[in-house]
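input_34.tsv (TSV, C-alpha atoms)
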chain	number	residue	atom	x	y	z
A	16	MET	CA	-7.44	-6.84	16.88
A	17	THR	CA	-8.73	-5.45	20.12
A	18	GLU	CA	-9.37	-1.94	18.86
A	19	LEU	CA	-12.50	-0.55	17.24
A	20	PRO	CA	-12.30	-0.24	13.44
A	21	PRO	CA	-13.07	3.13	11.80
A	22	PHE	CA	-16.81	3.86	12.04
A	23	GLU	CA	-16.87	4.03	8.23
A	24	THR	CA	-16.42	0.25	8.30
A	25	VAL	CA	-19.55	-0.10	10.44
A	26	VAL	CA	-21.60	1.97	7.98
A	27	ALA	CA	-20.22	0.05	5.00
A	28	GLU	CA	-20.87	-3.37	6.54
A	29	HIS	CA	-24.24	-2.79	8.17
A	30	GLY	CA	-25.80	0.27	6.51
A	31	ALA	CA	-27.84	-1.72	3.99
A	32	VAL	CA	-29.18	-4.22	6.53
A	33	VAL	CA	-30.24	-1.47	8.92
A	34	LEU	CA	-31.99	0.33	6.06
A	35	ARG	CA	-33.88	-2.86	5.13
A	36	VAL	CA	-34.90	-3.40	8.74
A	37	CYS	CA	-36.10	0.21	9.03
A	38	ARG	CA	-38.05	-0.10	5.77
A	39	ALA	CA	-39.68	-3.34	6.85
A	40	VAL	CA	-40.62	-2.10	10.31
A	41	LEU	CA	-41.52	1.51	9.49
A	42	GLY	CA	-42.23	1.75	5.77
A	43	ALA	CA	-40.17	3.58	3.16
A	44	GLN	CA	-41.13	7.10	4.22
A	45	GLU	CA	-39.94	6.94	7.82
A	46	ALA	CA	-37.05	4.55	7.18
A	47	GLU	CA	-34.53	7.14	6.04
A	48	ASP	CA	-34.98	9.38	9.08
A	49	ALA	CA	-34.81	6.33	11.35
A	50	TRP	CA	-31.58	5.19	9.63
A	51	SER	CA	-30.06	8.66	10.07
A	52	GLU	CA	-30.97	8.89	13.75
A	53	THR	CA	-29.70	5.38	14.38
A	54	PHE	CA	-26.29	5.91	12.80
A	55	LEU	CA	-25.81	9.36	14.33
A	56	ALA	CA	-26.60	7.97	17.79
A	57	ALA	CA	-24.33	4.98	17.09
A	58	LEU	CA	-21.48	7.28	15.99
A	59	ARG	CA	-21.77	9.30	19.19
A	60	ALA	CA	-21.70	6.19	21.39
A	61	TYR	CA	-19.17	4.26	19.27
A	62	PRO	CA	-15.97	5.01	21.25
A	63	ARG	CA	-17.56	3.37	24.32
A	64	LEU	CA	-18.56	0.16	22.48
A	65	ARG	CA	-16.69	-2.95	23.59
A	66	PRO	CA	-14.61	-4.11	20.62
A	67	ASP	CA	-15.93	-7.70	20.88
A	68	SER	CA	-19.58	-6.59	20.64
A	69	ASP	CA	-22.03	-7.89	18.03
A	70	VAL	CA	-22.15	-4.63	16.06
A	71	ARG	CA	-25.24	-5.50	14.02
A	72	ALA	CA	-27.27	-6.41	17.12
A	73	TRP	CA	-26.04	-3.19	18.73
A	74	LEU	CA	-27.24	-1.14	15.74
A	75	VAL	CA	-30.62	-2.85	15.62
A	76	THR	CA	-30.98	-2.23	19.35
A	77	ILE	CA	-30.35	1.48	18.81
A	78	ALA	CA	-32.75	1.54	15.87
A	79	HIS	CA	-35.40	-0.19	17.94
A	80	ARG	CA	-35.05	2.02	21.03
A	81	LYS	CA	-33.98	5.34	19.64
A	82	ALA	CA	-35.89	5.53	16.40
A	83	LEU	CA	-38.44	2.81	15.85
A	84	ASP	CA	-40.18	3.29	19.19
A	85	GLY	CA	-40.31	7.02	18.66
A	86	TYR	CA	-41.86	6.71	15.24
A	87	ARG	CA	-44.38	4.05	16.07
A	88	GLY	CA	-46.83	6.56	17.50
A	89	ARG	CA	-46.84	8.57	14.32
A	90	ARG	CA	-46.95	5.57	12.06
A	91	ARG	CA	-50.03	5.32	9.91
A	92	THR	CA	-52.32	2.37	10.46
A	93	PRO	CA	-51.13	-0.77	8.67
A	94	GLN	CA	-52.57	-1.15	5.22
A	95	PRO	CA	-54.41	-4.30	4.26
A	96	VAL	CA	-52.36	-6.45	1.94
A	97	ALA	CA	-55.05	-6.27	-0.72
A	98	GLU	CA	-54.20	-2.63	-1.35
A	99	LEU	CA	-51.58	-1.62	-3.84
A	100	PRO	CA	-47.97	-1.91	-2.71
A	101	ARG	CA	-46.18	1.37	-2.05
A	102	GLU	CA	-44.12	1.12	-5.21
A	103	PRO	CA	-44.04	-1.08	-8.30
A	104	ALA	CA	-41.77	-4.08	-8.12
A	105	ALA	CA	-38.89	-3.65	-10.54
A	106	ALA	CA	-37.98	-6.46	-12.88
A	107	ASP	CA	-34.41	-6.68	-11.57
A	108	VAL	CA	-35.24	-6.99	-7.90
A	109	THR	CA	-32.93	-9.59	-6.41
A	110	ASP	CA	-33.48	-11.90	-3.48
A	111	ALA	CA	-31.26	-9.62	-1.40
A	112	VAL	CA	-33.68	-6.71	-1.40
A	113	PRO	CA	-37.23	-7.36	-0.20
A	114	ASP	CA	-39.69	-6.58	-2.97
A	115	ALA	CA	-42.64	-4.25	-2.57
A	116	ALA	CA	-45.18	-7.06	-2.22
A	117	LEU	CA	-43.20	-8.62	0.60
A	118	LEU	CA	-42.79	-5.28	2.35
A	119	SER	CA	-46.51	-4.72	2.01
A	120	ALA	CA	-47.28	-8.13	3.51
A	121	VAL	CA	-44.78	-7.51	6.34
A	122	ASP	CA	-46.37	-4.13	6.88
A	123	ALA	CA	-49.69	-5.78	7.72
A	124	LEU	CA	-48.21	-7.86	10.55
A	125	PRO	CA	-48.78	-6.82	14.18
A	126	ASP	CA	-46.00	-4.51	15.47
A	127	LYS	CA	-44.08	-7.05	17.51
A	128	GLN	CA	-44.26	-9.79	14.88
A	129	ARG	CA	-43.13	-7.36	12.22
A	130	ALA	CA	-40.11	-6.29	14.29
A	131	VAL	CA	-39.17	-9.86	15.21
A	132	VAL	CA	-39.47	-11.08	11.61
A	133	ALA	CA	-37.29	-8.18	10.41
A	134	TYR	CA	-34.65	-8.68	13.09
A	135	ARG	CA	-34.53	-12.43	12.46
A	136	TYR	CA	-34.74	-12.62	8.68
A	137	LEU	CA	-33.29	-9.28	7.53
A	138	ALA	CA	-30.73	-8.61	10.27
A	139	ASP	CA	-30.05	-12.34	10.89
A	140	LEU	CA	-30.02	-11.88	14.66
A	141	SER	CA	-30.31	-14.82	17.05
A	142	TYR	CA	-33.50	-15.24	19.12
A	143	PRO	CA	-31.65	-14.48	22.39
A	144	ALA	CA	-30.38	-11.25	20.80
A	145	ILE	CA	-33.89	-10.40	19.55
A	146	ALA	CA	-35.37	-11.07	23.00
A	147	GLU	CA	-32.83	-8.63	24.47
A	148	ILE	CA	-34.12	-5.98	22.07
A	149	VAL	CA	-37.90	-6.49	22.10
A	150	GLY	CA	-38.25	-7.95	25.61
A	151	GLY	CA	-39.63	-11.34	26.63
A	152	THR	CA	-37.90	-14.68	26.28
A	153	PRO	CA	-36.04	-16.14	23.28
A	154	ASP	CA	-38.80	-18.77	22.98
A	155	ALA	CA	-41.45	-16.06	22.81
A	156	ALA	CA	-39.44	-14.30	20.10
A	157	ARG	CA	-39.16	-17.58	18.19
A	158	ARG	CA	-42.93	-18.16	18.39
A	159	SER	CA	-43.59	-14.58	17.33
A	160	ALA	CA	-41.35	-15.00	14.27
A	161	ALA	CA	-43.00	-18.33	13.42
A	162	ASP	CA	-46.47	-16.78	13.66
A	163	GLY	CA	-45.34	-13.88	11.49
A	164	VAL	CA	-43.87	-16.13	8.84
A	165	ALA	CA	-47.00	-18.33	8.85
A	166	THR	CA	-49.08	-15.23	8.16
A	167	LEU	CA	-46.70	-14.13	5.39
A	168	ARG	CA	-47.04	-17.53	3.71
A	169	ARG	CA	-50.77	-16.83	3.42
A	170	THR	CA	-50.59	-13.14	2.52
A	171	TYR	CA	-47.46	-12.76	0.36
A	172	HIS	CA	-48.07	-13.34	-3.35
A	173	PRO	CA	-45.03	-12.10	-5.30
A	174	GLU	CA	-46.55	-12.86	-8.72
A	175	GLU	CA	-49.42	-10.43	-8.20
A	176	THR	CA	-47.18	-7.40	-8.61
A	177	ARG	CA	-45.62	-8.50	-11.87
B	4	MET	CA	-36.31	-1.04	-4.60
B	5	THR	CA	-33.39	-2.47	-6.56
B	6	LEU	CA	-29.85	-2.89	-5.28
B	7	ALA	CA	-28.87	0.14	-7.37
B	8	ASP	CA	-31.67	2.20	-5.80
B	9	GLU	CA	-30.58	1.03	-2.39
B	10	SER	CA	-26.97	2.06	-3.07
B	11	ALA	CA	-28.13	5.51	-4.15
B	12	VAL	CA	-30.23	5.91	-1.00
B	13	LEU	CA	-27.35	4.75	1.19
B	14	GLU	CA	-24.96	7.18	-0.48
B	15	ARG	CA	-27.39	10.03	0.17
B	16	LEU	CA	-27.87	8.92	3.78
B	17	HIS	CA	-24.10	8.69	4.19
B	18	THR	CA	-23.71	12.33	3.16
B	19	ARG	CA	-26.53	13.30	5.51
B	20	LEU	CA	-24.82	11.40	8.33
B	21	THR	CA	-21.41	13.04	7.83
B	22	ASP	CA	-22.98	16.51	7.66
B	23	ALA	CA	-25.03	15.94	10.83
B	24	ALA	CA	-22.03	14.39	12.59
B	25	ALA	CA	-19.76	17.30	11.69
B	26	ASP	CA	-22.36	19.88	12.73
B	27	GLY	CA	-22.92	18.04	16.01
B	28	GLY	CA	-19.23	17.67	16.83
B	29	ALA	CA	-19.32	13.88	16.47
B	30	LEU	CA	-17.03	13.56	13.44
B	31	ASP	CA	-13.50	13.26	14.85
B	32	VAL	CA	-11.72	12.19	11.66
B	33	ALA	CA	-12.97	12.96	8.14
B	34	TYR	CA	-11.19	11.44	5.16
B	35	ARG	CA	-11.20	11.22	1.39
B	36	THR	CA	-8.88	10.04	-1.37
B	37	LEU	CA	-7.38	12.10	-4.18
B	38	ASP	CA	-5.89	10.90	-7.49
B	39	THR	CA	-2.55	12.61	-8.16
B	40	PRO	CA	0.59	12.13	-10.30
B	41	VAL	CA	2.14	10.30	-7.31
B	42	GLY	CA	-0.76	7.90	-6.97
B	43	THR	CA	-3.95	7.90	-4.93
B	44	LEU	CA	-3.44	9.84	-1.72
B	45	LEU	CA	-5.47	9.39	1.45
B	46	MET	CA	-6.22	12.69	3.21
B	47	ALA	CA	-7.60	12.86	6.75
B	48	ALA	CA	-8.58	15.84	8.91
B	49	THR	CA	-9.71	16.45	12.48
B	50	PRO	CA	-11.74	19.55	13.41
B	51	ALA	CA	-8.31	21.13	14.21
B	52	GLY	CA	-6.94	20.63	10.71
B	53	LEU	CA	-5.31	18.25	8.26
B	54	VAL	CA	-3.86	15.41	10.31
B	55	ARG	CA	-2.64	12.82	7.80
B	56	ILE	CA	-1.72	12.36	4.16
B	57	ALA	CA	-0.80	8.83	3.13
B	58	TYR	CA	0.60	7.28	-0.02
B	59	SER	CA	-1.09	4.12	-1.21
B	60	SER	CA	2.13	2.20	-0.42
B	61	GLU	CA	1.35	2.75	3.27
B	62	GLY	CA	-1.96	0.87	2.88
B	63	HIS	CA	-4.91	3.22	3.27
B	64	ASP	CA	-6.93	0.75	5.34
B	65	ALA	CA	-4.01	0.34	7.74
B	66	VAL	CA	-3.64	4.12	8.01
B	67	LEU	CA	-7.36	4.51	8.78
B	68	ALA	CA	-7.17	1.76	11.40
B	69	SER	CA	-4.21	3.55	12.95
B	70	LEU	CA	-6.12	6.86	13.00
B	71	ALA	CA	-9.04	5.08	14.67
B	72	ALA	CA	-6.70	3.79	17.37
B	73	ARG	CA	-4.58	6.92	17.87
B	74	VAL	CA	-7.09	9.76	17.33
B	75	SER	CA	-10.65	8.40	17.55
B	76	PRO	CA	-12.71	5.56	16.03
B	77	ARG	CA	-15.30	8.13	14.93
B	78	VAL	CA	-13.86	8.10	11.41
B	79	LEU	CA	-16.04	8.73	8.32
B	80	ARG	CA	-15.47	9.22	4.62
B	81	ALA	CA	-16.45	12.89	4.19
B	82	PRO	CA	-15.06	14.43	0.97
B	83	ASN	CA	-16.80	17.77	1.56
B	84	ARG	CA	-14.83	18.28	4.77
B	85	LEU	CA	-11.60	18.10	2.77
B	86	ALA	CA	-12.64	20.14	-0.26
B	87	VAL	CA	-10.20	23.00	0.38
B	88	ALA	CA	-7.23	20.72	1.05
B	89	ALA	CA	-8.02	18.68	-2.07
B	90	ARG	CA	-8.25	21.81	-4.19
B	91	GLU	CA	-4.90	23.11	-2.92
B	92	LEU	CA	-3.22	19.78	-3.66
B	93	ASP	CA	-4.75	19.76	-7.15
B	94	GLU	CA	-3.37	23.25	-7.72
B	95	TYR	CA	0.04	22.19	-6.43
B	96	PHE	CA	0.20	19.24	-8.83
B	97	ALA	CA	-0.91	21.52	-11.67
B	98	GLY	CA	2.09	23.77	-10.92
B	99	ARG	CA	-0.17	26.65	-9.92
B	100	ARG	CA	0.49	26.64	-6.17
B	101	GLN	CA	3.79	26.92	-4.32
B	102	GLY	CA	2.64	26.85	-0.70
B	103	PHE	CA	-0.26	25.53	1.34
B	104	ASP	CA	-2.62	27.64	3.36
B	105	LEU	CA	-4.26	24.94	5.48
B	106	PRO	CA	-4.72	24.44	9.22
B	107	LEU	CA	-2.57	21.48	10.26
B	108	ASP	CA	-3.05	19.13	13.20
B	109	LEU	CA	0.39	17.82	14.21
B	110	ARG	CA	-0.85	15.59	17.03
B	111	LEU	CA	0.62	12.45	15.42
B	112	SER	CA	4.13	13.81	15.89
B	113	ARG	CA	5.90	14.68	19.15
B	114	GLY	CA	9.04	16.28	20.53
B	115	PHE	CA	11.98	16.88	18.22
B	116	ARG	CA	10.15	15.26	15.29
B	117	ARG	CA	7.47	17.89	15.60
B	118	ASP	CA	10.14	20.63	15.75
B	119	VAL	CA	11.52	19.26	12.47
B	120	LEU	CA	8.06	19.30	10.85
B	121	ARG	CA	7.62	22.92	11.90
B	122	ALA	CA	11.01	23.81	10.39
B	123	LEU	CA	10.49	22.05	7.03
B	124	PRO	CA	8.16	24.64	5.42
B	125	ARG	CA	11.08	27.14	5.60
B	126	ILE	CA	12.67	25.25	2.71
B	127	GLY	CA	11.12	27.16	-0.17
B	128	TYR	CA	9.34	25.72	-3.18
B	129	GLY	CA	11.81	24.42	-5.75
B	130	ASN	CA	14.72	24.40	-3.25
B	131	THR	CA	16.32	21.59	-1.28
B	132	ALA	CA	18.13	21.35	2.04
B	133	THR	CA	20.27	18.67	3.66
B	134	TYR	CA	19.28	16.63	6.71
B	135	THR	CA	22.14	18.41	8.52
B	136	THR	CA	20.68	21.82	7.78
B	137	VAL	CA	17.20	20.71	8.81
B	138	ALA	CA	18.53	19.36	12.13
B	139	ALA	CA	20.19	22.71	12.81
B	140	THR	CA	17.12	24.70	11.82
B	141	ALA	CA	15.00	22.57	14.16
B	142	GLY	CA	17.34	23.46	17.01
B	143	ASN	CA	19.70	20.49	17.33
B	144	PRO	CA	22.53	20.46	14.74
B	145	ARG	CA	23.83	17.07	15.89
B	146	ALA	CA	20.47	15.30	15.58
B	147	VAL	CA	20.89	14.47	11.89
B	148	ARG	CA	19.57	10.94	12.23
B	149	ALA	CA	16.59	12.16	14.22
B	150	ALA	CA	15.89	14.73	11.51
B	151	ALA	CA	15.97	11.99	8.88
B	152	SER	CA	13.65	9.87	10.99
B	153	ALA	CA	11.25	12.82	11.40
B	154	CYS	CA	11.11	13.11	7.61
B	155	ALA	CA	10.59	9.37	7.21
B	156	THR	CA	7.60	9.48	9.59
B	157	ASN	CA	6.13	12.80	8.42
B	158	PRO	CA	2.34	12.38	8.82
B	159	LEU	CA	1.68	15.15	6.26
B	160	PRO	CA	3.98	14.59	3.27
B	161	ILE	CA	3.81	17.06	0.36
B	162	VAL	CA	2.05	19.70	2.50
B	163	ILE	CA	4.98	19.55	4.92
B	164	PRO	CA	7.76	19.35	2.30
B	165	CYS	CA	10.04	16.58	3.55
B	166	HIS	CA	10.61	15.74	-0.12
B	167	ARG	CA	12.87	18.82	-0.28
B	168	VAL	CA	15.36	17.27	2.14
B	169	VAL	CA	18.28	15.49	0.43
B	170	ARG	CA	21.60	13.99	1.50
B	171	SER	CA	24.77	16.03	1.98
B	172	ASP	CA	26.47	14.20	-0.92
B	173	GLY	CA	23.81	15.50	-3.28
B	174	SER	CA	21.98	12.18	-3.67
B	175	LEU	CA	18.23	12.11	-3.27
B	176	GLY	CA	18.00	10.08	-0.07
B	177	GLY	CA	14.95	8.06	0.88
B	178	TYR	CA	11.29	9.03	0.87
B	179	LEU	CA	8.28	7.62	2.64
B	180	GLY	CA	6.33	7.66	-0.64
B	181	GLY	CA	9.17	6.02	-2.58
B	182	VAL	CA	12.13	7.67	-4.33
B	183	ALA	CA	10.20	7.91	-7.61
B	184	ALA	CA	7.54	10.07	-5.92
B	185	LYS	CA	10.25	12.27	-4.42
B	186	ARG	CA	11.79	12.74	-7.86
B	187	THR	CA	8.36	13.57	-9.35
B	188	LEU	CA	7.71	16.25	-6.72
B	189	LEU	CA	11.14	17.86	-7.07
B	190	ASP	CA	10.90	17.83	-10.88
B	191	LEU	CA	7.42	19.38	-10.68
B	192	GLU	CA	8.74	22.20	-8.47
B	193	THR	CA	11.76	22.82	-10.70
B	194	ALA	CA	9.71	22.88	-13.89
B	195	ALA	CA	7.01	25.21	-12.62
As structure tokens, the full file:
Amino acid sequence: MTELPPFETVVAEHGAVVLRVCRAVLGAQEAEDAWSETFLAALRAYPRLRPDSDVRAWLVTIAHRKALDGYRGRRRTPQPVAELPREPAAADVTDAVPDAALLSAVDALPDKQRAVVAYRYLADLSYPAIAEIVGGTPDAARRSAADGVATLRRTYHPEETR
Amino acid sequence: MTLADESAVLERLHTRLTDAAADGGALDVAYRTLDTPVGTLLMAATPAGLVRIAYSSEGHDAVLASLAARVSPRVLRAPNRLAVAARELDEYFAGRRQGFDLPLDLRLSRGFRRDVLRALPRIGYGNTATYTTVAATAGNPRAVRAAASACATNPLPIVIPCHRVVRSDGSLGGYLGGVAAKRTLLDLETAA
């Protein structure tokens, strides 16, 4: 198939991942506006997308440039992990959806590490693809993700929110 | 946030997206489905009007892929954009409506086929006409096969009443939604 599928397919396949990335990078409050701006911009540009493109990387690129950068200035200062998470962790949280404690720990990471960790572990993008989005080399992106994950291993305590 | 919460947020964001896209002129094809006595119908509209109605036998995913290729890939599920068309079809199936008052976009049909589609609404509710008559009404009395083919490829069945076209020998003839659906529609119109 060399033709673009209906845009509805793009929303259905990638909507949840983009929302998780936006929540991790921006926090719950700003995430919904960022998601909306990302998908509206993507819809406008969609007819010009090459059909063999990596659609998820394309969406994360739009989110990063069009929305995340714009919001960063208005973003509140990162909260220390010791503070309460933004919302209580529900008992039926699955592995698929990051829990509040993890989001809170991610929230405390430096901006670039937080973005790289989200793009690698929530959007499952390759390091070359991440480097295209955030700048720098794939190796630098890999080190940034490793540093971020090392910090999370120290700061993320899922049992504390139970 | 649970998976259920996430689904609810995504559904809300989806509605917000379709509204913003429609307002901003970025929604080229809106679609929804509708449960009816002849099965689940897919309905699709462009800003110009209703462009496609499809029976489930056509494969709704295949129809949407075809719309993406032939009209525009900017296709979104947007039930609100088809509220009027859905209501009129509901009324038709309830026997309370005999004609449709909807803007139609005939871009999927060309030439003589389009002439046939324009002629079909002249066959009144509850009546039938032969393929021969339809060919003549569309301006080419000898193009009976072409008239039959226009009916078989009607992009807007039910609203454009190709189900009212039958064979000269009185038999039902074929139907793109299946002969059973054709019978259901004709019986509905006779009973009302």
Q) So what do you get for atom CA of Asn157 of chain B versus atom CA of Thr36 of chain B, distance-wise? A)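 These atoms are spaced 18.1 Å apart.
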Q: Just the residues within 9 Å of Gln101 of chain B, please, counting only C-alpha atoms, with nothing from its chain fewer than 6 positions along; format it as a list of chain:residue names.
A: B:Glu94, B:Tyr95, B:Gly127, B:Tyr128, B:Gly129, B:Glu192
Go ahead and save the residues from that selection, with C-alpha atoms, as an mmCIF file, in the frame of the given file.
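File written: again.cif
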data_model
loop_
_atom_site.group_PDB
_atom_site.id
_atom_site.type_symbol
_atom_site.label_atom_id
_atom_site.label_comp_id
_atom_site.auth_asym_id
_atom_site.auth_seq_id
_atom_site.Cartn_x
_atom_site.Cartn_y
_atom_site.Cartn_z
ATOM 1 C CA GLU B 94 -3.370 23.250 -7.720
ATOM 2 C CA TYR B 95 0.040 22.190 -6.430
ATOM 3 C CA GLY B 127 11.120 27.160 -0.170
ATOM 4 C CA TYR B 128 9.340 25.720 -3.180
ATOM 5 C CA GLY B 129 11.810 24.420 -5.750
ATOM 6 C CA GLU B 192 8.740 22.200 -8.470
#
Can you build me a table of chain B residues sitting at most 8 Å from chain A, with the closest atom pair per residue and its distance in Å to one decimal, using only C-alpha atoms, sorted by chain and residue number, as JSON lines?
{"residue": "B:Met4", "atom": "CA", "partner": "A:Asp114", "partner_atom": "CA", "distance": 6.7}
{"residue": "B:Thr5", "atom": "CA", "partner": "A:Val108", "partner_atom": "CA", "distance": 5.1}
{"residue": "B:Leu6", "atom": "CA", "partner": "A:Val112", "partner_atom": "CA", "distance": 6.7}
{"residue": "B:Glu9", "atom": "CA", "partner": "A:Ala31", "partner_atom": "CA", "distance": 7.5}
{"residue": "B:Leu13", "atom": "CA", "partner": "A:Ala31", "partner_atom": "CA", "distance": 7.1}
{"residue": "B:Leu16", "atom": "CA", "partner": "A:Ser51", "partner_atom": "CA", "distance": 6.7}
{"residue": "B:Arg19", "atom": "CA", "partner": "A:Ser51", "partner_atom": "CA", "distance": 7.4}
{"residue": "B:Leu20", "atom": "CA", "partner": "A:Ser51", "partner_atom": "CA", "distance": 6.2}
{"residue": "B:Ala23", "atom": "CA", "partner": "A:Leu55", "partner_atom": "CA", "distance": 7.5}
{"residue": "B:Ala24", "atom": "CA", "partner": "A:Leu55", "partner_atom": "CA", "distance": 6.5}
{"residue": "B:Ala29", "atom": "CA", "partner": "A:Arg59", "partner_atom": "CA", "distance": 5.9}
{"residue": "B:Leu67", "atom": "CA", "partner": "A:Pro21", "partner_atom": "CA", "distance": 6.6}
{"residue": "B:Ala68", "atom": "CA", "partner": "A:Pro20", "partner_atom": "CA", "distance": 5.9}
{"residue": "B:Leu70", "atom": "CA", "partner": "A:Pro21", "partner_atom": "CA", "distance": 8.0}
{"residue": "B:Ala71", "atom": "CA", "partner": "A:Pro21", "partner_atom": "CA", "distance": 5.3}
{"residue": "B:Ala72", "atom": "CA", "partner": "A:Glu18", "partner_atom": "CA", "distance": 6.5}
{"residue": "B:Ser75", "atom": "CA", "partner": "A:Pro62", "partner_atom": "CA", "distance": 7.3}
{"residue": "B:Pro76", "atom": "CA", "partner": "A:Pro21", "partner_atom": "CA", "distance": 4.9}
{"residue": "B:Arg77", "atom": "CA", "partner": "A:Phe22", "partner_atom": "CA", "distance": 5.4}
{"residue": "B:Val78", "atom": "CA", "partner": "A:Pro21", "partner_atom": "CA", "distance": 5.0}
{"residue": "B:Leu79", "atom": "CA", "partner": "A:Glu23", "partner_atom": "CA", "distance": 4.8}
{"residue": "B:Arg80", "atom": "CA", "partner": "A:Glu23", "partner_atom": "CA", "distance": 6.5}
Limited to C-alpha atoms, could you put the picked residues into a file as a PDB file, keeping the file's coordinate frame?
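The resulting file, result_32.pdb, is reproduced below:
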ATOM      1  CA  MET B   4     -36.310  -1.040  -4.600  1.00  0.00           C
ATOM      2  CA  THR B   5     -33.390  -2.470  -6.560  1.00  0.00           C
ATOM      3  CA  LEU B   6     -29.850  -2.890  -5.280  1.00  0.00           C
ATOM      4  CA  GLU B   9     -30.580   1.030  -2.390  1.00  0.00           C
ATOM      5  CA  LEU B  13     -27.350   4.750   1.190  1.00  0.00           C
ATOM      6  CA  LEU B  16     -27.870   8.920   3.780  1.00  0.00           C
ATOM      7  CA  ARG B  19     -26.530  13.300   5.510  1.00  0.00           C
ATOM      8  CA  LEU B  20     -24.820  11.400   8.330  1.00  0.00           C
ATOM      9  CA  ALA B  23     -25.030  15.940  10.830  1.00  0.00           C
ATOM     10  CA  ALA B  24     -22.030  14.390  12.590  1.00  0.00           C
ATOM     11  CA  ALA B  29     -19.320  13.880  16.470  1.00  0.00           C
ATOM     12  CA  LEU B  67      -7.360   4.510   8.780  1.00  0.00           C
ATOM     13  CA  ALA B  68      -7.170   1.760  11.400  1.00  0.00           C
ATOM     14  CA  LEU B  70      -6.120   6.860  13.000  1.00  0.00           C
ATOM     15  CA  ALA B  71      -9.040   5.080  14.670  1.00  0.00           C
ATOM     16  CA  ALA B  72      -6.700   3.790  17.370  1.00  0.00           C
ATOM     17  CA  SER B  75     -10.650   8.400  17.550  1.00  0.00           C
ATOM     18  CA  PRO B  76     -12.710   5.560  16.030  1.00  0.00           C
ATOM     19  CA  ARG B  77     -15.300   8.130  14.930  1.00  0.00           C
ATOM     20  CA  VAL B  78     -13.860   8.100  11.410  1.00  0.00           C
ATOM     21  CA  LEU B  79     -16.040   8.730   8.320  1.00  0.00           C
ATOM     22  CA  ARG B  80     -15.470   9.220   4.620  1.00  0.00           C
TER      23      ARG B  80
END
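What separates atom CA of Ala120 of chain A from atom CA of Ala39 of chain A is a distance of 9.6 Å.
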Q | Contacts of Val40 of chain A at 10 Å (all atoms listed in the file; same-chain gap of 6+ positions) as a list in words | A | Leu34, Ala46, His79, Leu83, Arg87, Leu118, Val121, Asp122, Leu124, Asp126, Lys127, Gln128, Arg129, Ala130, Val131, Val132, Ala133 and Tyr134 of chain A
(Q) Tell me which residues come within 12 Å of (-5.0, 9.6, -8.2), as a list in words, counting all atoms listed in the file in the file's coordinates. (A)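 Residues satisfying the cut-off, written out: Arg35, Thr36, Leu37, Asp38, Thr39, Pro40, Val41, Gly42, Thr43, Leu44, Leu45, Met46, Tyr58, Ser59, Ala89, Leu92, Asp93 and Phe96 of chain B.
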Q) Taking into account all atoms listed in the file, which residue in the set A:Gly151, A:Ser68, A:Arg135, A:Ala116 is nearest to Tyr171 of chain A? A)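 Among the listed residues, the smallest separation from Tyr171 of chain A belongs to A:Ala116.
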Q.
Using all atoms listed in the file, can you tell me which of B:Glu61, B:Leu191, B:Gly28, B:Pro164 comes closest to Ala97 of chain B?
A.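 The closest residue to Ala97 of chain B is B:Leu191.
Here the question is which of B:Leu175, B:Leu107, B:Val119, B:Ile163 gets nearest to Ala146 of chain B using all atoms listed in the file, and that residue is B:Val119.
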**Q.** Residues within 7 Å of (-3.0, 22.0, 10.8), file coords, all atoms listed in the file, listed as a ChimeraX atom specification
**A.** /B:51-54,105-109
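Pairwise distance (atom CA of Arg167 of chain B, atom CA of Ala132 of chain B) equals 6.3 Å.
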Q.
Residues within 8 Å of Leu74 of chain A, please, as a count of residues only. Count all atoms listed in the file; anything in the same chain fewer than 2 positions from it doesn't count.
A. 10
Q: Can you work out which one of B:Arg90, B:Arg55, B:Arg125, B:Arg100 has the shortest atom-to-atom distance to Ser112 of chain B, counting all atoms listed in the file?
A: B:Arg55
Q. Could you name the residues that touch Asp154 of chain A at 12 Å or less, counting all atoms listed in the file, but leaving out those on the same chain fewer than 2 positions away, as a ChimeraX atom specification?
A. /A:131,141-147,150-152,156-161
Generate the output file for the selected residues, C-alpha atoms, as a PDB file, in the coordinates of the input.
ATOM      1  CA  VAL A 131     -39.170  -9.860  15.210  1.00  0.00           C
ATOM      2  CA  SER A 141     -30.310 -14.820  17.050  1.00  0.00           C
ATOM      3  CA  TYR A 142     -33.500 -15.240  19.120  1.00  0.00           C
ATOM      4  CA  PRO A 143     -31.650 -14.480  22.390  1.00  0.00           C
ATOM      5  CA  ALA A 144     -30.380 -11.250  20.800  1.00  0.00           C
ATOM      6  CA  ILE A 145     -33.890 -10.400  19.550  1.00  0.00           C
ATOM      7  CA  ALA A 146     -35.370 -11.070  23.000  1.00  0.00           C
ATOM      8  CA  GLU A 147     -32.830  -8.630  24.470  1.00  0.00           C
ATOM      9  CA  GLY A 150     -38.250  -7.950  25.610  1.00  0.00           C
ATOM     10  CA  GLY A 151     -39.630 -11.340  26.630  1.00  0.00           C
ATOM     11  CA  THR A 152     -37.900 -14.680  26.280  1.00  0.00           C
ATOM     12  CA  ALA A 156     -39.440 -14.300  20.100  1.00  0.00           C
ATOM     13  CA  ARG A 157     -39.160 -17.580  18.190  1.00  0.00           C
ATOM     14  CA  ARG A 158     -42.930 -18.160  18.390  1.00  0.00           C
ATOM     15  CA  SER A 159     -43.590 -14.580  17.330  1.00  0.00           C
ATOM     16  CA  ALA A 160     -41.350 -15.000  14.270  1.00  0.00           C
ATOM     17  CA  ALA A 161     -43.000 -18.330  13.420  1.00  0.00           C
TER      18      ALA A 161
END
